[in-house]
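protein.pdb (PDB, C-alpha atoms and all ligand atoms)
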MODEL        1
ATOM      1  CA  MET K 120      -1.290 -10.544  23.785
ATOM      2  CA  SER K 121      -1.432  -6.770  24.047
ATOM      3  CA  THR K 122       1.566  -4.906  25.323
ATOM      4  CA  LYS K 123       1.987  -1.538  26.942
ATOM      5  CA  LEU K 124       4.411   0.617  25.075
ATOM      6  CA  LYS K 125       6.734   3.053  26.764
ATOM      7  CA  SER K 126       5.283   5.910  28.733
ATOM      8  CA  VAL K 127       4.220   8.789  26.522
ATOM      9  CA  PRO K 128       3.953  12.057  28.423
ATOM     10  CA  ASN K 129       1.576  14.903  27.561
ATOM     11  CA  ASP K 130      -1.025  12.834  25.711
ATOM     12  CA  PHE K 131      -1.582   9.774  27.855
ATOM     13  CA  ASP K 132       0.283   7.450  30.182
ATOM     14  CA  SER K 133       0.926   4.841  27.528
ATOM     15  CA  ILE K 134      -0.448   3.461  24.304
ATOM     16  CA  GLU K 135      -1.636  -0.103  24.001
ATOM     17  CA  VAL K 136      -0.416  -2.240  21.136
ATOM     18  CA  GLN K 137      -2.280  -5.381  20.070
ATOM     19  CA  PRO K 138      -0.685  -7.494  17.314
ATOM     20  CA  LEU K 139      -3.368  -8.434  14.781
ATOM     21  CA  SER K 140      -1.727 -11.596  13.464
ATOM     22  CA  ASP K 141       1.494 -13.571  13.683
ATOM     23  CA  ILE K 142       2.439 -12.184  10.270
ATOM     24  CA  ILE K 143       1.835  -8.455  10.100
ATOM     25  CA  GLY K 144      -0.189  -5.612  11.583
ATOM     26  CA  ALA K 145      -0.872  -4.163  15.007
ATOM     27  CA  GLU K 146      -3.753  -2.226  16.454
ATOM     28  CA  ILE K 147      -2.861   0.866  18.451
ATOM     29  CA  ARG K 148      -5.389   1.799  21.117
ATOM     30  CA  GLY K 149      -5.781   4.927  23.140
ATOM     31  CA  VAL K 150      -4.812   7.420  20.452
ATOM     32  CA  ASP K 151      -7.191   9.989  18.960
ATOM     33  CA  LEU K 152      -5.739  11.105  15.642
ATOM     34  CA  SER K 153      -8.014  14.138  15.503
ATOM     35  CA  LYS K 154      -5.945  15.678  18.290
ATOM     36  CA  ASP K 155      -2.376  16.894  18.214
ATOM     37  CA  LEU K 156       0.086  14.275  19.401
ATOM     38  CA  SER K 157       3.257  15.030  21.306
ATOM     39  CA  PRO K 158       6.609  14.231  19.681
ATOM     40  CA  ALA K 159       6.935  11.306  22.091
ATOM     41  CA  ALA K 160       3.554   9.908  21.096
ATOM     42  CA  LEU K 161       4.347  10.291  17.411
ATOM     43  CA  ASP K 162       7.653   8.540  17.924
ATOM     44  CA  ALA K 163       5.885   5.693  19.696
ATOM     45  CA  VAL K 164       3.399   5.314  16.824
ATOM     46  CA  HIS K 165       6.277   5.441  14.336
ATOM     47  CA  GLN K 166       8.144   2.669  16.151
ATOM     48  CA  VAL K 167       5.069   0.407  16.238
ATOM     49  CA  TRP K 168       4.561   1.046  12.531
ATOM     50  CA  LEU K 169       8.165   0.130  11.693
ATOM     51  CA  GLN K 170       7.935  -3.020  13.805
ATOM     52  CA  HIS K 171       4.567  -4.274  12.527
ATOM     53  CA  SER K 172       4.532  -2.639   9.028
ATOM     54  CA  VAL K 173       0.761  -1.985   9.225
ATOM     55  CA  ILE K 174      -0.998  -0.080  12.001
ATOM     56  CA  VAL K 175      -4.739   0.069  12.623
ATOM     57  CA  LEU K 176      -6.518   2.641  14.796
ATOM     58  CA  ARG K 177     -10.230   2.071  15.166
ATOM     59  CA  ASP K 178     -13.150   4.364  15.990
ATOM     60  CA  GLN K 179     -11.498   7.497  14.654
ATOM     61  CA  ARG K 180     -13.512  10.571  13.692
ATOM     62  CA  LEU K 181     -11.290  12.379  11.235
ATOM     63  CA  SER K 182     -11.809  15.355   8.991
ATOM     64  CA  ASP K 183      -9.707  15.585   5.842
ATOM     65  CA  GLY K 184      -7.652  18.195   7.685
ATOM     66  CA  ASP K 185      -6.992  15.726  10.533
ATOM     67  CA  LEU K 186      -5.937  13.017   8.087
ATOM     68  CA  VAL K 187      -3.577  15.367   6.265
ATOM     69  CA  ARG K 188      -2.126  16.794   9.475
ATOM     70  CA  PHE K 189      -1.345  13.376  10.973
ATOM     71  CA  SER K 190       0.059  12.025   7.695
ATOM     72  CA  LYS K 191       2.405  15.001   7.361
ATOM     73  CA  HIS K 192       4.212  13.938  10.509
ATOM     74  CA  PHE K 193       5.747  11.125   8.438
ATOM     75  CA  GLY K 194       6.870  13.128   5.433
ATOM     76  CA  VAL K 195       5.815  15.254   2.489
ATOM     77  CA  LEU K 196       2.459  14.275   1.007
ATOM     78  CA  ASP K 197       1.778  13.728  -2.673
ATOM     79  CA  PHE K 198      -1.331  15.307  -4.158
ATOM     80  CA  GLY K 199      -4.196  12.976  -5.044
ATOM     81  CA  PRO K 200      -5.472  12.793  -8.612
ATOM     82  CA  ASN K 201      -8.561  14.837  -9.288
ATOM     83  CA  MET K 202     -11.567  13.220 -10.936
ATOM     84  CA  ALA K 203     -11.786  14.262 -14.582
ATOM     85  CA  TRP K 204     -15.167  15.940 -14.056
ATOM     86  CA  GLN K 205     -14.076  17.970 -11.044
ATOM     87  CA  PRO K 206     -12.638  21.472 -11.225
ATOM     88  CA  GLU K 207      -8.914  21.301 -10.467
ATOM     89  CA  ALA K 208      -8.736  24.613  -8.682
ATOM     90  CA  ASN K 209      -9.604  25.372  -5.080
ATOM     91  CA  ARG K 210      -9.537  21.879  -3.676
ATOM     92  CA  ASP K 211      -9.512  22.242   0.119
ATOM     93  CA  HIS K 212      -7.191  19.277   0.618
ATOM     94  CA  PRO K 213      -5.465  18.223  -2.616
ATOM     95  CA  GLU K 214      -3.482  15.671  -0.591
ATOM     96  CA  ILE K 215      -6.626  13.531  -0.253
ATOM     97  CA  PHE K 216      -7.177  10.634  -2.659
ATOM     98  CA  VAL K 217     -10.797   9.488  -2.761
ATOM     99  CA  ILE K 218     -11.158   5.702  -3.149
ATOM    100  CA  SER K 219     -14.775   4.856  -3.838
ATOM    101  CA  ASN K 220     -17.322   3.146  -6.065
ATOM    102  CA  VAL K 221     -20.002   5.750  -5.289
ATOM    103  CA  VAL K 222     -21.526   7.644  -8.202
ATOM    104  CA  GLU K 223     -23.283  10.941  -7.536
ATOM    105  CA  ASN K 224     -25.217  12.811 -10.219
ATOM    106  CA  GLY K 225     -23.750  10.458 -12.793
ATOM    107  CA  ASN K 226     -20.157  11.132 -11.772
ATOM    108  CA  PRO K 227     -17.873   8.825  -9.771
ATOM    109  CA  ILE K 228     -16.655  10.516  -6.598
ATOM    110  CA  GLY K 229     -13.445   8.470  -6.442
ATOM    111  CA  PHE K 230     -11.173   5.841  -7.951
ATOM    112  CA  LEU K 231     -10.865   2.033  -8.145
ATOM    113  CA  GLY K 232     -14.582   1.150  -8.361
ATOM    114  CA  ASP K 233     -15.745  -2.147  -6.851
ATOM    115  CA  THR K 234     -13.529  -4.699  -8.567
ATOM    116  CA  GLU K 235     -10.687  -6.722  -7.132
ATOM    117  CA  VAL K 236      -7.343  -4.949  -6.985
ATOM    118  CA  ASP K 237      -4.605  -7.565  -7.195
ATOM    119  CA  TRP K 238      -1.472  -7.728  -5.021
ATOM    120  CA  HIS K 239       0.751  -4.714  -5.556
ATOM    121  CA  THR K 240       3.044  -2.143  -4.001
ATOM    122  CA  ASP K 241       1.735   1.380  -4.504
ATOM    123  CA  LEU K 242       3.462   3.261  -7.317
ATOM    124  CA  CYS K 243       6.212   0.627  -7.752
ATOM    125  CA  HIS K 244       6.259   1.691 -11.406
ATOM    126  CA  THR K 245       7.618   5.143 -10.524
ATOM    127  CA  ASP K 246      11.176   6.215  -9.770
ATOM    128  CA  LEU K 247      10.354   7.176  -6.193
ATOM    129  CA  PRO K 248       7.481   5.065  -4.822
ATOM    130  CA  PRO K 249       5.804   6.445  -1.680
ATOM    131  CA  LYS K 250       7.105   5.245   1.671
ATOM    132  CA  ALA K 251       3.625   4.949   3.133
ATOM    133  CA  SER K 252      -0.044   4.997   2.293
ATOM    134  CA  THR K 253      -2.967   5.608   4.625
ATOM    135  CA  LEU K 254      -6.661   4.812   4.366
ATOM    136  CA  TYR K 255      -9.474   6.177   6.497
ATOM    137  CA  ALA K 256     -12.729   4.235   6.150
ATOM    138  CA  MET K 257     -15.825   6.439   5.999
ATOM    139  CA  GLU K 258     -18.357   3.977   4.557
ATOM    140  CA  ILE K 259     -17.810   0.265   4.006
ATOM    141  CA  PRO K 260     -19.869  -2.630   2.575
ATOM    142  CA  THR K 261     -22.164  -4.192   5.149
ATOM    143  CA  ASP K 262     -21.569  -7.771   4.013
ATOM    144  CA  GLY K 263     -17.906  -7.975   5.063
ATOM    145  CA  SER K 264     -16.558  -7.803   1.513
ATOM    146  CA  GLY K 265     -13.917  -5.463   0.129
ATOM    147  CA  ASN K 266     -11.352  -6.296   2.791
ATOM    148  CA  THR K 267      -7.698  -5.457   2.283
ATOM    149  CA  GLY K 268      -4.929  -8.035   2.421
ATOM    150  CA  TYR K 269      -1.440  -7.083   3.560
ATOM    151  CA  MET K 270       1.619  -9.224   2.799
ATOM    152  CA  ASN K 271       4.805  -9.097   4.842
ATOM    153  CA  MET K 272       7.635  -8.894   2.304
ATOM    154  CA  TYR K 273      10.307  -9.513   4.943
ATOM    155  CA  THR K 274       8.831 -12.877   5.842
ATOM    156  CA  LEU K 275       8.014 -13.689   2.227
ATOM    157  CA  LEU K 276      11.726 -13.376   1.434
ATOM    158  CA  ASP K 277      12.518 -15.679   4.341
ATOM    159  CA  ALA K 278       9.818 -18.120   3.194
ATOM    160  CA  LEU K 279      11.428 -18.696  -0.199
ATOM    161  CA  PRO K 280      13.404 -21.915  -0.659
ATOM    162  CA  ASP K 281      17.100 -21.327   0.042
ATOM    163  CA  ASP K 282      18.180 -22.097  -3.516
ATOM    164  CA  LEU K 283      15.662 -19.628  -4.948
ATOM    165  CA  ARG K 284      16.594 -16.854  -2.528
ATOM    166  CA  ILE K 285      20.257 -17.232  -3.446
ATOM    167  CA  ARG K 286      19.438 -16.871  -7.149
ATOM    168  CA  LEU K 287      17.704 -13.536  -6.511
ATOM    169  CA  ASP K 288      20.730 -11.898  -4.992
ATOM    170  CA  GLY K 289      21.677  -8.743  -6.909
ATOM    171  CA  LEU K 290      18.838  -8.954  -9.448
ATOM    172  CA  GLN K 291      16.933  -5.876 -10.631
ATOM    173  CA  LEU K 292      13.301  -5.724 -11.723
ATOM    174  CA  LYS K 293      11.963  -3.505 -14.494
ATOM    175  CA  HIS K 294       8.519  -2.133 -13.518
ATOM    176  CA  GLU K 295       6.560  -1.019 -16.547
ATOM    177  CA  ASP K 296       4.593   2.202 -16.236
ATOM    178  CA  ALA K 297       2.430   1.901 -19.344
ATOM    179  CA  HIS K 298      -0.586   0.305 -17.652
ATOM    180  CA  THR K 299      -2.712   1.196 -14.639
ATOM    181  CA  LEU K 300      -3.111  -0.960 -11.572
ATOM    182  CA  GLN K 301      -6.080  -2.630 -13.247
ATOM    183  CA  GLY K 302      -4.207  -3.352 -16.472
ATOM    184  CA  GLU K 303      -5.576  -0.526 -18.598
ATOM    185  CA  LEU K 304      -3.258   1.275 -20.991
ATOM    186  CA  ARG K 305      -2.454   4.763 -19.766
ATOM    187  CA  TYR K 306      -3.801   7.731 -21.672
ATOM    188  CA  GLY K 307      -1.722   8.701 -24.693
ATOM    189  CA  LEU K 308      -0.004   5.316 -25.178
ATOM    190  CA  ASN K 309      -0.654   2.780 -27.924
ATOM    191  CA  GLU K 310      -0.642  -0.967 -27.228
ATOM    192  CA  GLY K 311       1.076  -1.548 -30.582
ATOM    193  CA  ASP K 312       4.055   0.545 -29.489
ATOM    194  CA  LEU K 313       4.620  -1.596 -26.428
ATOM    195  CA  LYS K 314       5.742  -4.913 -27.789
ATOM    196  CA  THR K 315       7.487  -5.956 -24.606
ATOM    197  CA  ILE K 316       7.775  -4.892 -21.017
ATOM    198  CA  GLU K 317      11.386  -4.061 -21.768
ATOM    199  CA  ASP K 318      10.235  -1.426 -24.289
ATOM    200  CA  ALA K 319       7.700   0.186 -21.992
ATOM    201  CA  PRO K 320       8.521   3.207 -19.855
ATOM    202  CA  GLY K 321       9.261   2.516 -16.214
ATOM    203  CA  PRO K 322      12.042   2.306 -13.619
ATOM    204  CA  VAL K 323      14.300  -0.507 -12.475
ATOM    205  CA  HIS K 324      14.317  -1.375  -8.763
ATOM    206  CA  PRO K 325      16.175  -4.081  -6.817
ATOM    207  CA  LEU K 326      14.247  -7.338  -6.433
ATOM    208  CA  ILE K 327      15.525  -7.590  -2.878
ATOM    209  CA  ARG K 328      15.646  -4.187  -1.230
ATOM    210  CA  THR K 329      16.959  -2.974   2.096
ATOM    211  CA  HIS K 330      14.495  -1.062   4.235
ATOM    212  CA  PRO K 331      16.119   2.326   4.894
ATOM    213  CA  GLU K 332      14.868   2.561   8.485
ATOM    214  CA  THR K 333      14.860  -1.015   9.795
ATOM    215  CA  GLY K 334      17.877  -2.150   7.772
ATOM    216  CA  ARG K 335      16.091  -5.433   7.050
ATOM    217  CA  LYS K 336      15.971  -7.024   3.604
ATOM    218  CA  CYS K 337      12.639  -7.719   1.916
ATOM    219  CA  LEU K 338      11.270  -8.761  -1.461
ATOM    220  CA  TYR K 339      10.137  -5.994  -3.799
ATOM    221  CA  LEU K 340       7.897  -7.641  -6.392
ATOM    222  CA  GLY K 341       5.797  -4.729  -7.598
ATOM    223  CA  ARG K 342       2.563  -6.097  -8.997
ATOM    224  CA  GLN K 343       0.707  -8.568 -11.181
ATOM    225  CA  TRP K 344      -2.516  -8.137 -13.121
ATOM    226  CA  ASN K 345      -5.076 -10.810 -12.407
ATOM    227  CA  GLY K 346      -2.243 -13.118 -11.539
ATOM    228  CA  GLU K 347      -1.235 -13.446 -15.176
ATOM    229  CA  HIS K 348      -0.038 -10.392 -17.051
ATOM    230  CA  ARG K 349       3.227  -9.384 -15.604
ATOM    231  CA  ALA K 350       4.166  -5.761 -15.268
ATOM    232  CA  THR K 351       7.682  -6.688 -14.221
ATOM    233  CA  PHE K 352      10.722  -8.154 -15.912
ATOM    234  CA  VAL K 353      14.046  -9.327 -14.512
ATOM    235  CA  ASP K 354      16.660  -7.049 -16.032
ATOM    236  CA  GLY K 355      19.276  -8.909 -18.060
ATOM    237  CA  MET K 356      17.381 -12.196 -18.434
ATOM    238  CA  SER K 357      15.583 -13.626 -21.431
ATOM    239  CA  ARG K 358      11.816 -13.283 -21.247
ATOM    240  CA  ALA K 359      11.454 -17.030 -20.628
ATOM    241  CA  GLU K 360      14.005 -17.000 -17.802
ATOM    242  CA  SER K 361      12.382 -13.958 -16.228
ATOM    243  CA  ASP K 362       8.875 -15.436 -16.417
ATOM    244  CA  ALA K 363      10.046 -18.736 -14.930
ATOM    245  CA  LEU K 364      11.829 -17.061 -12.041
ATOM    246  CA  LEU K 365       8.911 -14.730 -11.260
ATOM    247  CA  ASP K 366       6.566 -17.731 -11.406
ATOM    248  CA  GLU K 367       8.576 -19.418  -8.677
ATOM    249  CA  ILE K 368       8.352 -16.352  -6.435
ATOM    250  CA  TRP K 369       4.681 -15.544  -7.049
ATOM    251  CA  THR K 370       3.706 -19.182  -6.447
ATOM    252  CA  VAL K 371       5.003 -18.809  -2.897
ATOM    253  CA  ALA K 372       3.463 -15.333  -2.503
ATOM    254  CA  ARG K 373       0.017 -16.464  -3.628
ATOM    255  CA  LYS K 374      -0.152 -19.134  -0.944
ATOM    256  CA  GLU K 375      -0.731 -16.055   1.266
ATOM    257  CA  ASP K 376       1.074 -17.686   4.189
ATOM    258  CA  CYS K 377       2.722 -14.277   4.695
ATOM    259  CA  ALA K 378      -0.519 -12.307   4.419
ATOM    260  CA  TRP K 379      -3.258 -11.098   6.738
ATOM    261  CA  TYR K 380      -6.583  -9.480   5.871
ATOM    262  CA  HIS K 381      -7.945  -6.391   7.562
ATOM    263  CA  GLU K 382     -11.718  -6.532   7.994
ATOM    264  CA  TRP K 383     -12.852  -2.942   7.698
ATOM    265  CA  GLN K 384     -15.142  -1.043  10.016
ATOM    266  CA  ALA K 385     -16.190   2.569   9.453
ATOM    267  CA  GLY K 386     -13.842   4.787  11.454
ATOM    268  CA  ASP K 387     -10.767   2.610  10.850
ATOM    269  CA  PHE K 388      -7.519   4.363  10.069
ATOM    270  CA  VAL K 389      -4.794   2.167   8.546
ATOM    271  CA  MET K 390      -1.261   3.131   7.580
ATOM    272  CA  TRP K 391       1.101   0.675   5.917
ATOM    273  CA  ASP K 392       4.788   0.719   5.110
ATOM    274  CA  ASN K 393       4.865   0.630   1.331
ATOM    275  CA  ARG K 394       8.561  -0.342   1.355
ATOM    276  CA  CYS K 395       8.013  -3.783   2.884
ATOM    277  CA  VAL K 396       4.306  -4.527   2.280
ATOM    278  CA  MET K 397       2.194  -5.591  -0.695
ATOM    279  CA  HIS K 398      -1.569  -5.264  -0.515
ATOM    280  CA  ARG K 399      -4.693  -6.310  -2.402
ATOM    281  CA  ARG K 400      -8.381  -5.587  -2.167
ATOM    282  CA  GLY K 401     -11.170  -8.036  -2.675
ATOM    283  CA  PRO K 402     -14.195  -7.146  -4.841
ATOM    284  CA  PHE K 403     -17.496  -6.081  -3.343
ATOM    285  CA  PRO K 404     -21.097  -5.771  -4.583
ATOM    286  CA  SER K 405     -21.550  -2.720  -6.753
ATOM    287  CA  GLU K 406     -24.766  -1.773  -4.965
ATOM    288  CA  MET K 407     -22.863  -1.304  -1.707
ATOM    289  CA  ARG K 408     -21.113   1.950  -0.899
ATOM    290  CA  ARG K 409     -17.442   2.083   0.000
ATOM    291  CA  ILE K 410     -15.799   5.455   0.633
ATOM    292  CA  MET K 411     -12.229   5.806   1.828
ATOM    293  CA  HIS K 412      -9.996   8.840   2.013
ATOM    294  CA  ARG K 413      -6.337   8.165   1.469
ATOM    295  CA  THR K 414      -3.022   9.964   1.749
ATOM    296  CA  GLN K 415       0.328   9.077   0.249
ATOM    297  CA  ILE K 416       3.622   9.938   1.946
ATOM    298  CA  ARG K 417       6.601  10.607  -0.278
ATOM    299  CA  ASP K 418       9.846   8.728   0.255
ATOM    300  CA  THR K 419      13.164  10.521   0.363
ATOM    301  CA  ALA K 420      15.281   7.956  -1.474
ATOM    302  CA  LYS K 421      14.800   5.416  -4.243
ATOM    303  CA  PRO K 422      14.631   1.711  -3.285
ATOM    304  CA  PHE K 423      18.125   0.260  -2.794
TER     305      PHE K 423
HETATM  306 FE    FE B   1      -2.799   0.270  -3.474
ENDMDL
END

Produce structure tokens that represent the structure in this file.
Amino acid sequence: MSTKLKSVPNDFDSIEVQPLSDIIGAEIRGVDLSKDLSPAALDAVHQVWLQHSVIVLRDQRLSDGDLVRFSKHFGVLDFGPNMAWQPEANRDHPEIFVISNVVENGNPIGFLGDTEVDWHTDLCHTDLPPKASTLYAMEIPTDGSGNTGYMNMYTLLDALPDDLRIRLDGLQLKHEDAHTLQGELRYGLNEGDLKTIEDAPGPVHPLIRTHPETGRKCLYLGRQWNGEHRATFVDGMSRAESDALLDEIWTVARKEDCAWYHEWQAGDFVMWDNRCVMHRRGPFPSEMRRIMHRTQIRDTAKPF
């Protein structure tokens, strides 16, 4: 059932909020992100985002400048990585990350290709993971593939058996930073030097974190590669204990009872709360074009 949010002066009488599932996500209607929003409207959008963790606004027509301007209302933006073949200087909007499988003149225009990207939290393997990520869909596959799943990490914590949840209290996870999201060794590192996750570079974050704005507790699992090769390790446990415990948690996560999938349309803008959400992307046919522009909003404090 859609609900009218509080009155928002200057832009419109109110914004309409339609929950997209019982688990996570809400569509906000009546907002054009290419226009300046009043502080009241921005606050309303912020509150819906905190409540539902993922917001979707359809039928947007955004320039890169629009996407950057709106994203900056939520914090400082990180710069996107440049493609190796592109000149680094004079990028109009270095805050834009291009996510695409499209190849032009023999060069990929963006990152991540067309393969599956397994469940993960963006940049969990860094000291200060971003608080939010956005995606604006410019071209999408026409066969309905390449959708993005979002998992509610508040409800996943609640969904764990009581005895398991109790055992997680106070534990810390090591997130190794030696491999990319797709399991490839980062440039300059040697596989032989990385005998264990414990030896690899990477930060330690709490396995159960407290959201700094909502005050709610949620699971912070990080990522897996293809459901098998773990990039995380429970600090202070033996490898066998850590693997067994993470198996118990991921078995519940992979039921996807706490997940919902967004079916993309061109013109969709999505912003998710990276502090309490994991996401994954399904594969899509390589002959189909998928172009998304993305921003990444820096957090102000490490997970706690
Ligand atoms: Fe991601």

Nearest to ligand FE 1 (chain B), chosen from K:Leu290, K:Leu308, K:Leu254, K:Ala350, with all atoms listed in the file counted in the distances: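 Checking each of K:Leu290, K:Leu308, K:Leu254, K:Ala350 against ligand FE 1 (chain B), counting all atoms listed in the file, the winner is K:Leu254.
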
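Taking only C-alpha atoms, the non-local environment of Cys243 in chain K within 9 Å (same-chain residues fewer than 6 positions away omitted) comprises Pro249, His294, Glu295, Asp296, Pro322, His324, Tyr339, Leu340, Gly341 and Arg342 of chain K.
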
Taking all atoms listed in the file and a cut-off of 9 Å, can you tell me which residues surround ligand FE 1 (chain B), written as an MDAnalysis selection string? chainID K and resid 236:242 252 300 397:400

With C-alpha atoms retained, write the just-selected residues as an mmCIF file, in the frame of the given file.
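Okay, this is what ended up in result.cif:
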data_model
loop_
_atom_site.group_PDB
_atom_site.id
_atom_site.type_symbol
_atom_site.label_atom_id
_atom_site.label_comp_id
_atom_site.auth_asym_id
_atom_site.auth_seq_id
_atom_site.Cartn_x
_atom_site.Cartn_y
_atom_site.Cartn_z
ATOM 1 C CA VAL K 236 -7.343 -4.949 -6.985
ATOM 2 C CA ASP K 237 -4.605 -7.565 -7.195
ATOM 3 C CA TRP K 238 -1.472 -7.728 -5.021
ATOM 4 C CA HIS K 239 0.751 -4.714 -5.556
ATOM 5 C CA THR K 240 3.044 -2.143 -4.001
ATOM 6 C CA ASP K 241 1.735 1.380 -4.504
ATOM 7 C CA LEU K 242 3.462 3.261 -7.317
ATOM 8 C CA SER K 252 -0.044 4.997 2.293
ATOM 9 C CA LEU K 300 -3.111 -0.960 -11.572
ATOM 10 C CA MET K 397 2.194 -5.591 -0.695
ATOM 11 C CA HIS K 398 -1.569 -5.264 -0.515
ATOM 12 C CA ARG K 399 -4.693 -6.310 -2.402
ATOM 13 C CA ARG K 400 -8.381 -5.587 -2.167
#

Measuring between only C-alpha atoms, which one of K:Gln301, K:Asn309, K:Thr234, K:Asn271 shows the shortest distance to Leu169 in chain K?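 Result for the nearest residue to Leu169 in chain K: K:Asn271.
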
Could you list the residues chosen by the PyMOL selection byres (((chain K and resi 368-385) around 6) and not hetatm) in this structure as a list in words? Ile142, Ala256, Met257, Glu258, Asn266, Thr267, Gly268, Tyr269, Met270, Asn271, Leu275, Leu365, Asp366, Glu367, Gly386 and Asp387 of chain K

Resulting file, chosen residues, C-alpha atoms, as a compact mmCIF listing (two decimals), keeping the file's coordinate frame:
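File result.txt, as written:
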# COMPACT_ATOMS: atom_id res chain seq x y z
CA ILE K 142 2.44 -12.18 10.27
CA ALA K 256 -12.73 4.24 6.15
CA MET K 257 -15.82 6.44 6.00
CA GLU K 258 -18.36 3.98 4.56
CA ASN K 266 -11.35 -6.30 2.79
CA THR K 267 -7.70 -5.46 2.28
CA GLY K 268 -4.93 -8.04 2.42
CA TYR K 269 -1.44 -7.08 3.56
CA MET K 270 1.62 -9.22 2.80
CA ASN K 271 4.80 -9.10 4.84
CA LEU K 275 8.01 -13.69 2.23
CA LEU K 365 8.91 -14.73 -11.26
CA ASP K 366 6.57 -17.73 -11.41
CA GLU K 367 8.58 -19.42 -8.68
CA GLY K 386 -13.84 4.79 11.45
CA ASP K 387 -10.77 2.61 10.85

Is it possible to get the residues within 9 Å of (15.6, -1.6, -4.5) (coordinates as in the file, counting only C-alpha atoms) written as a list in words? Gln291, Leu292, Val323, His324, Pro325, Leu326, Ile327, Arg328, Thr329, His330, Leu338, Tyr339, Lys421, Pro422 and Phe423 of chain K

Residues selected by the PyMOL selection byres (((chain K and resi 411) around 9) and not hetatm), written as a list in words: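 Matching residues under the PyMOL selection byres (((chain K and resi 411) around 9) and not hetatm) are Phe216, Val217, Ile218, Ser219, Gly229, Leu254, Tyr255, Ala256, Met257, Glu258, Ile259, Arg409, Ile410, His412 and Arg413 of chain K.
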
As a check of understanding, name the residues that the PyMOL selection byres (((chain K and resi 145-161) around 6) and not hetatm) selects in the supplied structure, as a VMD selection string. chain K and resid 127 134 to 139 144 162 to 164 171 174 to 176 181 185

Include C-alpha atoms and write out the residues we just selected as a PDB file, keeping the file's coordinate frame.
ATOM      1  CA  VAL K 127       4.220   8.789  26.522  1.00  0.00           C
ATOM      2  CA  ILE K 134      -0.448   3.461  24.304  1.00  0.00           C
ATOM      3  CA  GLU K 135      -1.636  -0.103  24.001  1.00  0.00           C
ATOM      4  CA  VAL K 136      -0.416  -2.240  21.136  1.00  0.00           C
ATOM      5  CA  GLN K 137      -2.280  -5.381  20.070  1.00  0.00           C
ATOM      6  CA  PRO K 138      -0.685  -7.494  17.314  1.00  0.00           C
ATOM      7  CA  LEU K 139      -3.368  -8.434  14.781  1.00  0.00           C
ATOM      8  CA  GLY K 144      -0.189  -5.612  11.583  1.00  0.00           C
ATOM      9  CA  ASP K 162       7.653   8.540  17.924  1.00  0.00           C
ATOM     10  CA  ALA K 163       5.885   5.693  19.696  1.00  0.00           C
ATOM     11  CA  VAL K 164       3.399   5.314  16.824  1.00  0.00           C
ATOM     12  CA  HIS K 171       4.567  -4.274  12.527  1.00  0.00           C
ATOM     13  CA  ILE K 174      -0.998  -0.080  12.001  1.00  0.00           C
ATOM     14  CA  VAL K 175      -4.739   0.069  12.623  1.00  0.00           C
ATOM     15  CA  LEU K 176      -6.518   2.641  14.796  1.00  0.00           C
ATOM     16  CA  LEU K 181     -11.290  12.379  11.235  1.00  0.00           C
ATOM     17  CA  ASP K 185      -6.992  15.726  10.533  1.00  0.00           C
TER      18      ASP K 185
END

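Of the residues listed (K:Met407, K:Leu364, K:Ile143, K:Val221), K:Leu364 shows the shortest atom-to-atom separation from Asp282 in chain K; distances use only C-alpha atoms.
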
Counting only C-alpha atoms, the option among K:His298, K:Lys336, K:His212, K:Lys250 closest to Gly184 in chain K: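 Going through K:His298, K:Lys336, K:His212, K:Lys250 one by one, the smallest distance to Gly184 in chain K is for K:His212.
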
Using Å and a single decimal, report how far CA of Arg417 in chain K sits from CA of Trp168 in chain K. 16.1 Å

Using all atoms listed in the file, which of the listed residues (K:Ala359, K:Cys337, K:Ile416, K:Val222) sits closest to Thr274 in chain K?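 Among the listed residues, the smallest separation from Thr274 in chain K belongs to K:Cys337.
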
Rank K:Pro213, K:Asn201, K:Met356, K:Leu196 by their smallest atom-to-atom distance to Pro227 in chain K, using all atoms listed in the file, and report the top residue only.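 So, comparing all the options, the nearest one is K:Asn201.
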
In Å to one decimal, how far is CA of Leu276 in chain K from CA of Arg394 in chain K?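 It comes out at 13.4 Å.
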
Please write as a ChimeraX atom specification the list of polymer residues whose atoms come within 9 Å of (-1.5, 9.5, 10.3), counting all atoms listed in the file and keeping to the coordinates of the file. /K:152,185-193,253,388-390,414
